[in-house]
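Right, one structure below, let's go through it.
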Amino acid sequence: MSTEKILVTGGAGYIGSHACVELMQAGYDVIVIDNLSNSKPESLARVEKITSKSLVFVEADICDKQALSDIFSAHDIYAVMHFAGLKAVGESCLQPIKYYQNNVYGTLVLTEVMQAFAVNKIIFSSSATVYGEPDTVKYTEDLPVFGATNPYGKSKAMVEDILKDLAQADSLSNTENPWKIILLRYFNPIGAHISGLIGEDPNGIPNNLIPYVSQVAVGKLEQLSVFGGDYPTIDGTGVRDYIHVVDLVKGHLNALAALKNTSGCKAYNLGAGKGYSVLEIITAFTRITGKDINYKIVERRTGDIAEYYADPDLALRELNWQTEKSLDDMISDTWRWQSANPNGYE
Ligand code: NAD
Ligand code: UD1
């Protein structure tokens with residue numbers, strides 16, 4: 001059991017709250033900074049309920065340098081898990097400044113304060129979207145980070161560049177406290193904690209497939225639009241690599257352990273290495289929940305790619321991590337959360 005203190009930015013959000021649970025259960029002390037722009041403090045109350053432990057919550061923005069400095073002054077932080085960020089692709093196209101300000105400038109402030117307090121370990125929530133549209137469906141980490149099609153994706157690629165530059169600067173300066181950075185490129189996180197107490201609670205009408213399907217199943221939304229039925233895939237619908245959120249956050253704990261022996265900046269895919277189509281997801285959802293999903297195949301969504309999934313081998317070799325949960329686990333855990341909390345944390 002570790003007693004190190006971890007600063008979790010965005011810890012009240014979907015993935016951050018699950019990370020808090022795993023960290024606290026592994027014995028870490030957790031300090032959360034979150035501005036609650038896309039979350040509710042109830043998620044953290046539920047984290048404490050699941051773990052029977054308490055965490056420190058600071059309601060503040062990562063762009064607020066003073067608030068961050070106060071946290072680093074008050075706590076001897078060992079490492080940062082950096083989840084805080086805005087993630088709605090469509091909104092990022094309409095409000096690019098907001099996305100660059102929050103995601104890119106926010107990370108600059110965070111890393112500046114970390115450097116001032118000689119905290120050198122950070123794990124960053126990146127995305128498979130940084131690969132753009134390569135000529136392959138199986139993504140390896142050595143593909144160029146190039147061609148993200150929207151400001152959200154570009155903000156992730158920019159932050160990756162900034163973090164790589166920090167490590168690069170160390171290699172030129174013989175510093176005694178070099179950065180130790182891991183970039184985790186998520187594929188499609190879904191599912192919820194097995195307790196059904198925490199899960200994904202999107203604001204308004206969901207953009208992503210699984211939250212939409214669950215809200216159709218629970219009766220909140222009428223019909224799912226399946227975006228495109230003529231892709232060159234197994235059944236014409238889009239194929240993605242869905243990964244259980246608990247598997248995903250366990251990857252972060254392995255990354256945290258690996259940081260001890262990491263120097264510089266390294267990127268890893270976190271995915272299952274297998275894709276499922278939209279129709280396969282609908283069929284599995286109906287089988288597991290007993291709910292018929294009303295759906296209609298419509299036009300393709302702009303910016304969507306037919307099919308991609310992770311090559312997860314590097315994470316297995318270097319982080320000793322691979323997914324453990326099945327698609328059935330992902331769907332039954334999503335359903336347990338959604339049916340017990342039809343209105344999320346409200
Ligand atoms: P989320 O919106 O549920 O969580 C993000 C949290 O960060 C929220 O609680 C929000 O209030 C907080 N936040 C945002 N900006 C902040 C700021 N400036 N200061 C303080 N807090 C701030 O999203 P999530 O799904 O948990 O995603 C977590 C991270 O993983 C994000 O960086 C996201 O881009 C990345 N990611 C998510 C997915 C996905 O499918 N969910 C895929 C790839 C990458
Ligand atoms: C999307 C984002 C990606 C982001 C990720 C996690 C786009 C283009 N991509 O990925 O940048 O990192 O979310 O936040 O927005 N689908 C439907 N009907 C729906 C919703 C989705 O058919 O109502 C289909 C999509 O066409 C796709 C699959 O379901 O084939 C998965 O979609 P989604 O859950 O939105 O994830 P991505 O598009 O992979």
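Residue names in the structure tokens use chain letters A, B, ... in the order shown, residue numbers from 1 in each chain, and ligand numbers from 1 in the order shown.
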
**Asked** Using only C-alpha atoms and all ligand atoms, which protein or nucleic acid residues are at most 8 Å from ligand 1, as a VMD selection string?
**Response** chain A and resid 9 to 17 33 to 40 59 to 63 82 to 87 102 to 103 106 124 to 129 152 156 185 to 190 200 to 202 208

Find the nearest atom pair between each residue of chain A and ligand 2 for residues within 7 Å, count only C-alpha atoms and all ligand atoms, give distances in Å to one decimal, sort rows by chain and ascending number, and present the table as CSV.
```
residue,atom,partner,partner_atom_place_in_ligand_line,distance
A:Lys87,CA,ligand 2,14 (O),5.9
A:Ala88,CA,ligand 2,14 (O),6.6
A:Val89,CA,ligand 2,15 (O),5.1
A:Gly90,CA,ligand 2,15 (O),6.8
A:Ser127,CA,ligand 2,12 (O),5.5
A:Ala128,CA,ligand 2,12 (O),6.6
A:Thr129,CA,ligand 2,11 (O),5.1
A:Gly153,CA,ligand 2,11 (O),6.0
A:Asn188,CA,ligand 2,6 (C),5.9
A:Asn207,CA,ligand 2,35 (O),5.6
A:Asn208,CA,ligand 2,34 (O),3.4
A:Leu209,CA,ligand 2,20 (C),3.7
A:Ile210,CA,ligand 2,34 (O),6.1
A:Tyr212,CA,ligand 2,23 (O),5.9
A:Leu224,CA,ligand 2,23 (O),5.8
A:Ser225,CA,ligand 2,18 (N),5.0
A:Val226,CA,ligand 2,22 (O),3.4
A:Phe227,CA,ligand 2,22 (O),3.9
A:Gly228,CA,ligand 2,26 (O),6.8
A:Thr237,CA,ligand 2,30 (O),6.4
A:Gly238,CA,ligand 2,30 (O),3.5
A:Val239,CA,ligand 2,30 (O),5.6
A:Arg240,CA,ligand 2,39 (O),5.9
A:Val278,CA,ligand 2,29 (O),5.5
A:Arg300,CA,ligand 2,26 (O),6.8
A:Arg301,CA,ligand 2,26 (O),6.0
A:Gly303,CA,ligand 2,8 (C),4.9
A:Asp304,CA,ligand 2,8 (C),4.7
A:Ala306,CA,ligand 2,30 (O),6.7
```

**From A:Glu160, A:Glu222, A:Glu91, A:Asp313, residue lying nearest Tyr139 (chain A) [only C-alpha atoms]** =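 With only C-alpha atoms as the atom set, the closest residue is A:Asp313.
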
Restrict the calculation to only C-alpha atoms, then for each residue of region 169-246 of chain A with any atom at most 10 Å from an atom of region 285-288 of chain A give the closest atom pair and their distance in Å to one decimal, rows by chain and rising residue number, as a Markdown table.
```
| residue | atom | partner | partner_atom | distance |
| --- | --- | --- | --- | --- |
| A:Ile210 | CA | A:Phe285 | CA | 9.4 |
| A:Val213 | CA | A:Phe285 | CA | 8.2 |
| A:Ser214 | CA | A:Phe285 | CA | 8.4 |
| A:Ala217 | CA | A:Thr286 | CA | 8.5 |
```

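Shell of region 241-243 of chain A at 8 Å, with only C-alpha atoms counted and residues fewer than 6 places along the chain excluded, is Phe187, Asn188, Pro189, Ile190, Gly191, Leu270, Gly271, Ala272, Gly273, Lys274, Gly275, Tyr276, Tyr308, Tyr309, Ala310, Thr323, Leu327 and Met330 of chain A.
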
Pull all heavy atoms from the residues just selected and write them as a compact mmCIF listing (two decimals), in the first residue's frame.
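Result saved to again-v9.txt:
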```
# COMPACT_ATOMS: atom_id res chain seq x y z
N PHE A 187 -8.84 5.11 -25.92
CA PHE A 187 -9.74 4.81 -27.02
C PHE A 187 -11.16 5.19 -26.54
O PHE A 187 -11.37 6.34 -26.19
CB PHE A 187 -9.49 3.39 -27.54
CG PHE A 187 -8.24 3.42 -28.41
CD1 PHE A 187 -6.98 3.68 -27.84
CD2 PHE A 187 -8.32 3.36 -29.78
CE1 PHE A 187 -5.84 3.85 -28.64
CE2 PHE A 187 -7.19 3.51 -30.59
CZ PHE A 187 -5.96 3.74 -30.01
N ASN A 188 -12.13 4.31 -26.46
CA ASN A 188 -13.48 4.78 -26.08
C ASN A 188 -13.88 4.28 -24.69
O ASN A 188 -14.43 3.17 -24.58
CB ASN A 188 -14.50 4.34 -27.13
CG ASN A 188 -14.39 5.13 -28.42
OD1 ASN A 188 -13.31 5.20 -29.01
ND2 ASN A 188 -15.46 5.74 -28.85
N PRO A 189 -13.65 5.09 -23.66
CA PRO A 189 -13.99 4.65 -22.30
C PRO A 189 -15.51 4.60 -22.10
O PRO A 189 -16.20 5.56 -22.42
CB PRO A 189 -13.38 5.73 -21.40
CG PRO A 189 -12.55 6.59 -22.28
CD PRO A 189 -13.06 6.43 -23.67
N ILE A 190 -15.98 3.47 -21.58
CA ILE A 190 -17.41 3.33 -21.25
C ILE A 190 -17.51 2.54 -19.95
O ILE A 190 -16.51 2.17 -19.37
CB ILE A 190 -18.22 2.64 -22.39
CG1 ILE A 190 -17.73 1.21 -22.61
CG2 ILE A 190 -18.14 3.44 -23.67
CD1 ILE A 190 -18.66 0.39 -23.50
N GLY A 191 -18.75 2.27 -19.51
CA GLY A 191 -18.93 1.47 -18.30
C GLY A 191 -18.94 2.34 -17.06
O GLY A 191 -18.93 3.58 -17.14
N LEU A 270 -4.28 3.21 -24.44
CA LEU A 270 -5.09 2.41 -23.53
C LEU A 270 -6.36 2.01 -24.27
O LEU A 270 -7.29 2.81 -24.44
CB LEU A 270 -5.43 3.17 -22.24
CG LEU A 270 -4.26 3.48 -21.29
CD1 LEU A 270 -4.78 4.09 -19.99
CD2 LEU A 270 -3.42 2.25 -20.97
N GLY A 271 -6.36 0.79 -24.74
CA GLY A 271 -7.51 0.25 -25.46
C GLY A 271 -7.50 -1.25 -25.31
O GLY A 271 -6.53 -1.83 -24.78
N ALA A 272 -8.60 -1.89 -25.77
CA ALA A 272 -8.69 -3.35 -25.64
C ALA A 272 -8.00 -4.05 -26.80
O ALA A 272 -7.64 -5.22 -26.71
CB ALA A 272 -10.16 -3.74 -25.57
N GLY A 273 -7.85 -3.34 -27.92
CA GLY A 273 -7.25 -3.96 -29.10
C GLY A 273 -8.28 -4.68 -29.96
O GLY A 273 -7.93 -5.46 -30.84
N LYS A 274 -9.57 -4.40 -29.68
CA LYS A 274 -10.62 -5.06 -30.46
C LYS A 274 -11.76 -4.07 -30.66
O LYS A 274 -12.08 -3.31 -29.74
CB LYS A 274 -11.13 -6.26 -29.66
CG LYS A 274 -12.32 -6.94 -30.29
CD LYS A 274 -12.75 -8.17 -29.54
CE LYS A 274 -14.06 -8.76 -30.07
NZ LYS A 274 -14.30 -8.65 -31.49
N GLY A 275 -12.35 -4.08 -31.85
CA GLY A 275 -13.43 -3.13 -32.11
C GLY A 275 -14.80 -3.79 -32.14
O GLY A 275 -14.92 -4.98 -32.40
N TYR A 276 -15.82 -3.00 -31.80
CA TYR A 276 -17.22 -3.43 -31.96
C TYR A 276 -17.95 -2.38 -32.79
O TYR A 276 -17.71 -1.18 -32.63
CB TYR A 276 -17.90 -3.55 -30.60
CG TYR A 276 -17.39 -4.72 -29.76
CD1 TYR A 276 -16.43 -4.50 -28.77
CD2 TYR A 276 -17.85 -6.02 -29.99
CE1 TYR A 276 -15.95 -5.55 -28.01
CE2 TYR A 276 -17.37 -7.08 -29.24
CZ TYR A 276 -16.43 -6.84 -28.25
OH TYR A 276 -15.95 -7.89 -27.50
N TYR A 308 -11.48 2.04 -36.11
CA TYR A 308 -10.11 2.00 -35.57
C TYR A 308 -10.11 1.36 -34.19
O TYR A 308 -11.12 1.33 -33.50
CB TYR A 308 -9.46 3.39 -35.54
CG TYR A 308 -10.09 4.43 -34.64
CD1 TYR A 308 -9.77 4.50 -33.29
CD2 TYR A 308 -10.96 5.37 -35.16
CE1 TYR A 308 -10.31 5.47 -32.46
CE2 TYR A 308 -11.52 6.35 -34.34
CZ TYR A 308 -11.21 6.40 -33.00
OH TYR A 308 -11.75 7.35 -32.19
N TYR A 309 -8.97 0.82 -33.86
CA TYR A 309 -8.79 0.23 -32.53
C TYR A 309 -7.32 0.29 -32.17
O TYR A 309 -6.46 0.57 -33.01
CB TYR A 309 -9.35 -1.20 -32.46
CG TYR A 309 -8.93 -2.10 -33.58
CD1 TYR A 309 -7.77 -2.85 -33.50
CD2 TYR A 309 -9.69 -2.19 -34.75
CE1 TYR A 309 -7.37 -3.66 -34.54
CE2 TYR A 309 -9.31 -3.00 -35.80
CZ TYR A 309 -8.14 -3.74 -35.69
OH TYR A 309 -7.74 -4.53 -36.73
N ALA A 310 -7.05 0.05 -30.89
CA ALA A 310 -5.68 0.21 -30.38
C ALA A 310 -4.84 -1.02 -30.68
O ALA A 310 -5.34 -2.15 -30.66
CB ALA A 310 -5.73 0.39 -28.86
N THR A 323 -6.51 -4.91 -20.71
CA THR A 323 -7.89 -4.87 -20.24
C THR A 323 -8.29 -6.24 -19.70
O THR A 323 -7.79 -7.28 -20.16
CB THR A 323 -8.86 -4.47 -21.38
OG1 THR A 323 -8.70 -5.37 -22.46
CG2 THR A 323 -8.56 -3.06 -21.86
N LEU A 327 -17.04 -6.88 -23.01
CA LEU A 327 -18.10 -5.97 -23.45
C LEU A 327 -19.34 -6.15 -22.57
O LEU A 327 -20.01 -5.17 -22.22
CB LEU A 327 -18.45 -6.25 -24.92
CG LEU A 327 -19.53 -5.31 -25.49
CD1 LEU A 327 -19.07 -3.86 -25.51
CD2 LEU A 327 -19.95 -5.75 -26.89
N MET A 330 -18.91 -4.16 -19.53
CA MET A 330 -19.05 -2.72 -19.79
C MET A 330 -20.52 -2.34 -19.85
O MET A 330 -20.94 -1.32 -19.29
CB MET A 330 -18.37 -2.34 -21.12
CG MET A 330 -16.89 -2.65 -21.16
SD MET A 330 -16.15 -2.04 -22.70
CE MET A 330 -15.03 -3.37 -23.10
```

Tell me, as a PDB file with N, CA, C and O atoms, in the first residue's frame, which residues lie within 12 Å of region 173-181 of chain A, counting only C-alpha atoms; anything in the same chain fewer than 5 positions away does not count.
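Done, and the output landed in selection.pdb:
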```
ATOM      1  N   TYR A  78       3.136  13.956  -4.723  1.00  0.00           N
ATOM      2  CA  TYR A  78       4.095  13.035  -5.350  1.00  0.00           C
ATOM      3  C   TYR A  78       3.977  13.076  -6.872  1.00  0.00           C
ATOM      4  O   TYR A  78       4.981  13.094  -7.588  1.00  0.00           O
ATOM      5  N   ALA A  79       2.730  13.083  -7.357  1.00  0.00           N
ATOM      6  CA  ALA A  79       2.506  13.082  -8.815  1.00  0.00           C
ATOM      7  C   ALA A  79       1.124  13.652  -9.110  1.00  0.00           C
ATOM      8  O   ALA A  79       0.267  13.714  -8.231  1.00  0.00           O
ATOM      9  N   VAL A  80       0.940  14.023 -10.377  1.00  0.00           N
ATOM     10  CA  VAL A  80      -0.339  14.595 -10.811  1.00  0.00           C
ATOM     11  C   VAL A  80      -0.961  13.679 -11.869  1.00  0.00           C
ATOM     12  O   VAL A  80      -0.276  13.250 -12.802  1.00  0.00           O
ATOM     13  N   MET A  81      -2.247  13.370 -11.683  1.00  0.00           N
ATOM     14  CA  MET A  81      -3.023  12.756 -12.772  1.00  0.00           C
ATOM     15  C   MET A  81      -3.901  13.859 -13.331  1.00  0.00           C
ATOM     16  O   MET A  81      -4.766  14.392 -12.636  1.00  0.00           O
ATOM     17  N   HIS A  82      -3.683  14.174 -14.585  1.00  0.00           N
ATOM     18  CA  HIS A  82      -4.277  15.380 -15.166  1.00  0.00           C
ATOM     19  C   HIS A  82      -5.441  15.026 -16.101  1.00  0.00           C
ATOM     20  O   HIS A  82      -5.257  14.813 -17.303  1.00  0.00           O
ATOM     21  N   THR A 111       1.685  22.901 -15.233  1.00  0.00           N
ATOM     22  CA  THR A 111       3.079  22.462 -15.302  1.00  0.00           C
ATOM     23  C   THR A 111       4.029  23.543 -14.760  1.00  0.00           C
ATOM     24  O   THR A 111       5.062  23.228 -14.165  1.00  0.00           O
ATOM     25  N   GLU A 112       3.645  24.795 -14.929  1.00  0.00           N
ATOM     26  CA  GLU A 112       4.488  25.877 -14.389  1.00  0.00           C
ATOM     27  C   GLU A 112       4.538  25.789 -12.858  1.00  0.00           C
ATOM     28  O   GLU A 112       5.608  25.892 -12.240  1.00  0.00           O
ATOM     29  N   MET A 114       3.822  23.093 -11.065  1.00  0.00           N
ATOM     30  CA  MET A 114       4.527  21.851 -10.706  1.00  0.00           C
ATOM     31  C   MET A 114       6.034  22.091 -10.693  1.00  0.00           C
ATOM     32  O   MET A 114       6.737  21.678  -9.759  1.00  0.00           O
ATOM     33  N   GLN A 115       6.516  22.763 -11.726  1.00  0.00           N
ATOM     34  CA  GLN A 115       7.957  23.013 -11.818  1.00  0.00           C
ATOM     35  C   GLN A 115       8.431  23.874 -10.643  1.00  0.00           C
ATOM     36  O   GLN A 115       9.477  23.596 -10.057  1.00  0.00           O
ATOM     37  N   ALA A 116       7.622  24.872 -10.297  1.00  0.00           N
ATOM     38  CA  ALA A 116       8.005  25.753  -9.191  1.00  0.00           C
ATOM     39  C   ALA A 116       8.102  24.981  -7.879  1.00  0.00           C
ATOM     40  O   ALA A 116       8.902  25.327  -7.004  1.00  0.00           O
ATOM     41  N   PHE A 117       7.294  23.920  -7.745  1.00  0.00           N
ATOM     42  CA  PHE A 117       7.309  23.135  -6.506  1.00  0.00           C
ATOM     43  C   PHE A 117       8.104  21.829  -6.658  1.00  0.00           C
ATOM     44  O   PHE A 117       8.023  20.952  -5.810  1.00  0.00           O
ATOM     45  N   ALA A 118       8.850  21.717  -7.754  1.00  0.00           N
ATOM     46  CA  ALA A 118       9.703  20.553  -8.013  1.00  0.00           C
ATOM     47  C   ALA A 118       8.929  19.236  -7.985  1.00  0.00           C
ATOM     48  O   ALA A 118       9.432  18.203  -7.544  1.00  0.00           O
ATOM     49  N   VAL A 119       7.695  19.279  -8.476  1.00  0.00           N
ATOM     50  CA  VAL A 119       6.917  18.040  -8.665  1.00  0.00           C
ATOM     51  C   VAL A 119       7.062  17.684 -10.144  1.00  0.00           C
ATOM     52  O   VAL A 119       6.691  18.476 -11.015  1.00  0.00           O
ATOM     53  N   ASN A 120       7.636  16.510 -10.417  1.00  0.00           N
ATOM     54  CA  ASN A 120       8.057  16.246 -11.797  1.00  0.00           C
ATOM     55  C   ASN A 120       7.298  15.105 -12.480  1.00  0.00           C
ATOM     56  O   ASN A 120       7.626  14.736 -13.594  1.00  0.00           O
ATOM     57  N   LYS A 121       6.296  14.535 -11.812  1.00  0.00           N
ATOM     58  CA  LYS A 121       5.624  13.364 -12.403  1.00  0.00           C
ATOM     59  C   LYS A 121       4.186  13.718 -12.791  1.00  0.00           C
ATOM     60  O   LYS A 121       3.403  14.166 -11.950  1.00  0.00           O
ATOM     61  N   ILE A 122       3.857  13.462 -14.041  1.00  0.00           N
ATOM     62  CA  ILE A 122       2.503  13.755 -14.506  1.00  0.00           C
ATOM     63  C   ILE A 122       2.033  12.696 -15.504  1.00  0.00           C
ATOM     64  O   ILE A 122       2.809  12.230 -16.341  1.00  0.00           O
ATOM     65  N   ILE A 123       0.761  12.330 -15.342  1.00  0.00           N
ATOM     66  CA  ILE A 123       0.105  11.415 -16.282  1.00  0.00           C
ATOM     67  C   ILE A 123      -1.013  12.206 -16.942  1.00  0.00           C
ATOM     68  O   ILE A 123      -1.876  12.761 -16.256  1.00  0.00           O
ATOM     69  N   PHE A 124      -0.992  12.257 -18.257  1.00  0.00           N
ATOM     70  CA  PHE A 124      -1.929  13.121 -18.990  1.00  0.00           C
ATOM     71  C   PHE A 124      -2.958  12.298 -19.768  1.00  0.00           C
ATOM     72  O   PHE A 124      -2.611  11.338 -20.459  1.00  0.00           O
ATOM     73  N   SER A 125      -4.217  12.727 -19.658  1.00  0.00           N
ATOM     74  CA  SER A 125      -5.328  12.100 -20.393  1.00  0.00           C
ATOM     75  C   SER A 125      -5.326  12.569 -21.832  1.00  0.00           C
ATOM     76  O   SER A 125      -5.908  13.604 -22.150  1.00  0.00           O
ATOM     77  N   VAL A 159      -1.092  19.774 -26.207  1.00  0.00           N
ATOM     78  CA  VAL A 159      -0.609  19.487 -24.849  1.00  0.00           C
ATOM     79  C   VAL A 159       0.457  18.387 -24.908  1.00  0.00           C
ATOM     80  O   VAL A 159       1.483  18.466 -24.227  1.00  0.00           O
ATOM     81  N   GLU A 160       0.228  17.380 -25.743  1.00  0.00           N
ATOM     82  CA  GLU A 160       1.272  16.348 -25.898  1.00  0.00           C
ATOM     83  C   GLU A 160       2.596  16.998 -26.301  1.00  0.00           C
ATOM     84  O   GLU A 160       3.658  16.677 -25.760  1.00  0.00           O
ATOM     85  N   ASP A 161       2.525  17.927 -27.263  1.00  0.00           N
ATOM     86  CA  ASP A 161       3.748  18.597 -27.736  1.00  0.00           C
ATOM     87  C   ASP A 161       4.422  19.371 -26.605  1.00  0.00           C
ATOM     88  O   ASP A 161       5.649  19.345 -26.465  1.00  0.00           O
ATOM     89  N   ILE A 162       3.612  20.076 -25.831  1.00  0.00           N
ATOM     90  CA  ILE A 162       4.174  20.866 -24.724  1.00  0.00           C
ATOM     91  C   ILE A 162       4.898  19.931 -23.750  1.00  0.00           C
ATOM     92  O   ILE A 162       6.034  20.200 -23.322  1.00  0.00           O
ATOM     93  N   LEU A 163       4.264  18.816 -23.414  1.00  0.00           N
ATOM     94  CA  LEU A 163       4.864  17.900 -22.439  1.00  0.00           C
ATOM     95  C   LEU A 163       6.126  17.255 -23.010  1.00  0.00           C
ATOM     96  O   LEU A 163       7.127  17.081 -22.309  1.00  0.00           O
ATOM     97  N   LYS A 164       6.098  16.943 -24.307  1.00  0.00           N
ATOM     98  CA  LYS A 164       7.306  16.392 -24.945  1.00  0.00           C
ATOM     99  C   LYS A 164       8.432  17.428 -24.913  1.00  0.00           C
ATOM    100  O   LYS A 164       9.603  17.091 -24.690  1.00  0.00           O
ATOM    101  N   ASP A 165       8.084  18.698 -25.123  1.00  0.00           N
ATOM    102  CA  ASP A 165       9.101  19.761 -25.093  1.00  0.00           C
ATOM    103  C   ASP A 165       9.704  19.938 -23.702  1.00  0.00           C
ATOM    104  O   ASP A 165      10.897  20.243 -23.580  1.00  0.00           O
ATOM    105  N   LEU A 166       8.894  19.747 -22.659  1.00  0.00           N
ATOM    106  CA  LEU A 166       9.434  19.845 -21.293  1.00  0.00           C
ATOM    107  C   LEU A 166      10.503  18.780 -21.092  1.00  0.00           C
ATOM    108  O   LEU A 166      11.580  19.047 -20.546  1.00  0.00           O
ATOM    109  N   ALA A 167      10.191  17.567 -21.539  1.00  0.00           N
ATOM    110  CA  ALA A 167      11.156  16.478 -21.390  1.00  0.00           C
ATOM    111  C   ALA A 167      12.400  16.738 -22.241  1.00  0.00           C
ATOM    112  O   ALA A 167      13.536  16.496 -21.812  1.00  0.00           O
ATOM    113  N   GLN A 168      12.162  17.265 -23.422  1.00  0.00           N
ATOM    114  CA  GLN A 168      13.273  17.581 -24.324  1.00  0.00           C
ATOM    115  C   GLN A 168      14.195  18.636 -23.701  1.00  0.00           C
ATOM    116  O   GLN A 168      15.426  18.532 -23.766  1.00  0.00           O
ATOM    117  N   HIS A 252      -3.787   3.732 -15.360  1.00  0.00           N
ATOM    118  CA  HIS A 252      -3.137   4.912 -14.766  1.00  0.00           C
ATOM    119  C   HIS A 252      -2.320   4.525 -13.531  1.00  0.00           C
ATOM    120  O   HIS A 252      -1.259   5.096 -13.270  1.00  0.00           O
ATOM    121  N   ALA A 255       0.751   3.056 -14.751  1.00  0.00           N
ATOM    122  CA  ALA A 255       1.610   4.126 -15.278  1.00  0.00           C
ATOM    123  C   ALA A 255       2.294   4.860 -14.120  1.00  0.00           C
ATOM    124  O   ALA A 255       3.477   5.214 -14.202  1.00  0.00           O
ATOM    125  N   LEU A 256       1.551   5.051 -13.048  1.00  0.00           N
ATOM    126  CA  LEU A 256       2.111   5.734 -11.876  1.00  0.00           C
ATOM    127  C   LEU A 256       3.308   4.940 -11.330  1.00  0.00           C
ATOM    128  O   LEU A 256       4.348   5.515 -10.996  1.00  0.00           O
ATOM    129  N   ALA A 257       3.141   3.626 -11.273  1.00  0.00           N
ATOM    130  CA  ALA A 257       4.241   2.780 -10.803  1.00  0.00           C
ATOM    131  C   ALA A 257       5.419   2.866 -11.778  1.00  0.00           C
ATOM    132  O   ALA A 257       6.581   2.959 -11.361  1.00  0.00           O
ATOM    133  N   ALA A 258       5.099   2.877 -13.075  1.00  0.00           N
ATOM    134  CA  ALA A 258       6.161   2.906 -14.089  1.00  0.00           C
ATOM    135  C   ALA A 258       6.902   4.240 -14.103  1.00  0.00           C
ATOM    136  O   ALA A 258       8.061   4.304 -14.527  1.00  0.00           O
ATOM    137  N   LEU A 259       6.246   5.302 -13.632  1.00  0.00           N
ATOM    138  CA  LEU A 259       6.885   6.627 -13.666  1.00  0.00           C
ATOM    139  C   LEU A 259       8.189   6.653 -12.877  1.00  0.00           C
ATOM    140  O   LEU A 259       9.097   7.413 -13.206  1.00  0.00           O
ATOM    141  N   LYS A 260       8.243   5.830 -11.836  1.00  0.00           N
ATOM    142  CA  LYS A 260       9.469   5.792 -11.005  1.00  0.00           C
ATOM    143  C   LYS A 260      10.693   5.534 -11.878  1.00  0.00           C
ATOM    144  O   LYS A 260      11.750   6.090 -11.660  1.00  0.00           O
ATOM    145  N   ASN A 261      10.511   4.633 -12.870  1.00  0.00           N
ATOM    146  CA  ASN A 261      11.652   4.256 -13.709  1.00  0.00           C
ATOM    147  C   ASN A 261      11.604   4.882 -15.098  1.00  0.00           C
ATOM    148  O   ASN A 261      12.328   4.472 -15.992  1.00  0.00           O
ATOM    149  N   THR A 262      10.708   5.855 -15.262  1.00  0.00           N
ATOM    150  CA  THR A 262      10.596   6.508 -16.571  1.00  0.00           C
ATOM    151  C   THR A 262      11.477   7.743 -16.575  1.00  0.00           C
ATOM    152  O   THR A 262      11.585   8.437 -15.570  1.00  0.00           O
ATOM    153  N   SER A 263      12.086   8.009 -17.706  1.00  0.00           N
ATOM    154  CA  SER A 263      12.678   9.336 -17.831  1.00  0.00           C
ATOM    155  C   SER A 263      12.132   9.934 -19.120  1.00  0.00           C
ATOM    156  O   SER A 263      11.870   9.225 -20.083  1.00  0.00           O
ATOM    157  N   GLY A 264      11.898  11.224 -19.093  1.00  0.00           N
ATOM    158  CA  GLY A 264      11.363  11.881 -20.280  1.00  0.00           C
ATOM    159  C   GLY A 264       9.870  11.684 -20.408  1.00  0.00           C
ATOM    160  O   GLY A 264       9.150  11.614 -19.417  1.00  0.00           O
ATOM    161  N   CYS A 265       9.419  11.589 -21.647  1.00  0.00           N
ATOM    162  CA  CYS A 265       7.986  11.563 -21.935  1.00  0.00           C
ATOM    163  C   CYS A 265       7.675  10.350 -22.804  1.00  0.00           C
ATOM    164  O   CYS A 265       8.297  10.160 -23.849  1.00  0.00           O
ATOM    165  N   LYS A 266       6.718   9.527 -22.365  1.00  0.00           N
ATOM    166  CA  LYS A 266       6.366   8.323 -23.132  1.00  0.00           C
ATOM    167  C   LYS A 266       4.864   8.261 -23.347  1.00  0.00           C
ATOM    168  O   LYS A 266       4.096   8.613 -22.451  1.00  0.00           O
ATOM    169  N   ALA A 267       4.445   7.791 -24.510  1.00  0.00           N
ATOM    170  CA  ALA A 267       3.010   7.682 -24.819  1.00  0.00           C
ATOM    171  C   ALA A 267       2.597   6.220 -24.903  1.00  0.00           C
ATOM    172  O   ALA A 267       3.346   5.380 -25.415  1.00  0.00           O
ATOM    173  N   TYR A 268       1.407   5.931 -24.381  1.00  0.00           N
ATOM    174  CA  TYR A 268       0.849   4.580 -24.465  1.00  0.00           C
ATOM    175  C   TYR A 268      -0.620   4.636 -24.870  1.00  0.00           C
ATOM    176  O   TYR A 268      -1.375   5.475 -24.363  1.00  0.00           O
TER     177      TYR A 268
END
```

**Asked** Counting only C-alpha atoms, which of A:Glu307, A:Lys325, A:Val21, A:Val8 gets nearest to Pro134 (chain A)?
**Response**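 Smallest separation from Pro134 (chain A) among the options: A:Glu307.
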
**Asked** Between CA of Gln66 (chain A) and CA of Glu42 (chain A), what is the spacing in Å?
**Response** 25.4 Å

**Those in region 257-324 of chain A with strand (DSSP E or B) from DSSP, as a VMD selection string** = chain A and resid 264 to 270 276 to 277 295 to 298 307 309 to 310

**Message:** Given only C-alpha atoms as the basis, pick out the residue of A:Leu184, A:Leu253, A:Ala74, A:Val246 nearest to Asn320 (chain A).
**Reply:**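 Among the listed residues, A:Leu253 lies closest to Asn320 (chain A).
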
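Distance annotation: of A:Leu94, A:Ala67, A:Asp142, A:Pro151, the residue with the minimal separation from Val113 (chain A) is A:Ala67; atom set is only C-alpha atoms.
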
**Pairwise distance for CA of Ile234 (chain A) and CA of Ser277 (chain A), rounded to one decimal in Å** =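 So the two atoms, CA of Ile234 (chain A) and CA of Ser277 (chain A), lie 7.4 Å apart.
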
**Prompt:** Which value, in Å to one decimal, gives the distance between CA of Pro312 (chain A) and CA of Asp328 (chain A)?
**Reply:**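 Between CA of Pro312 (chain A) and CA of Asp328 (chain A) the gap works out to 20.1 Å.
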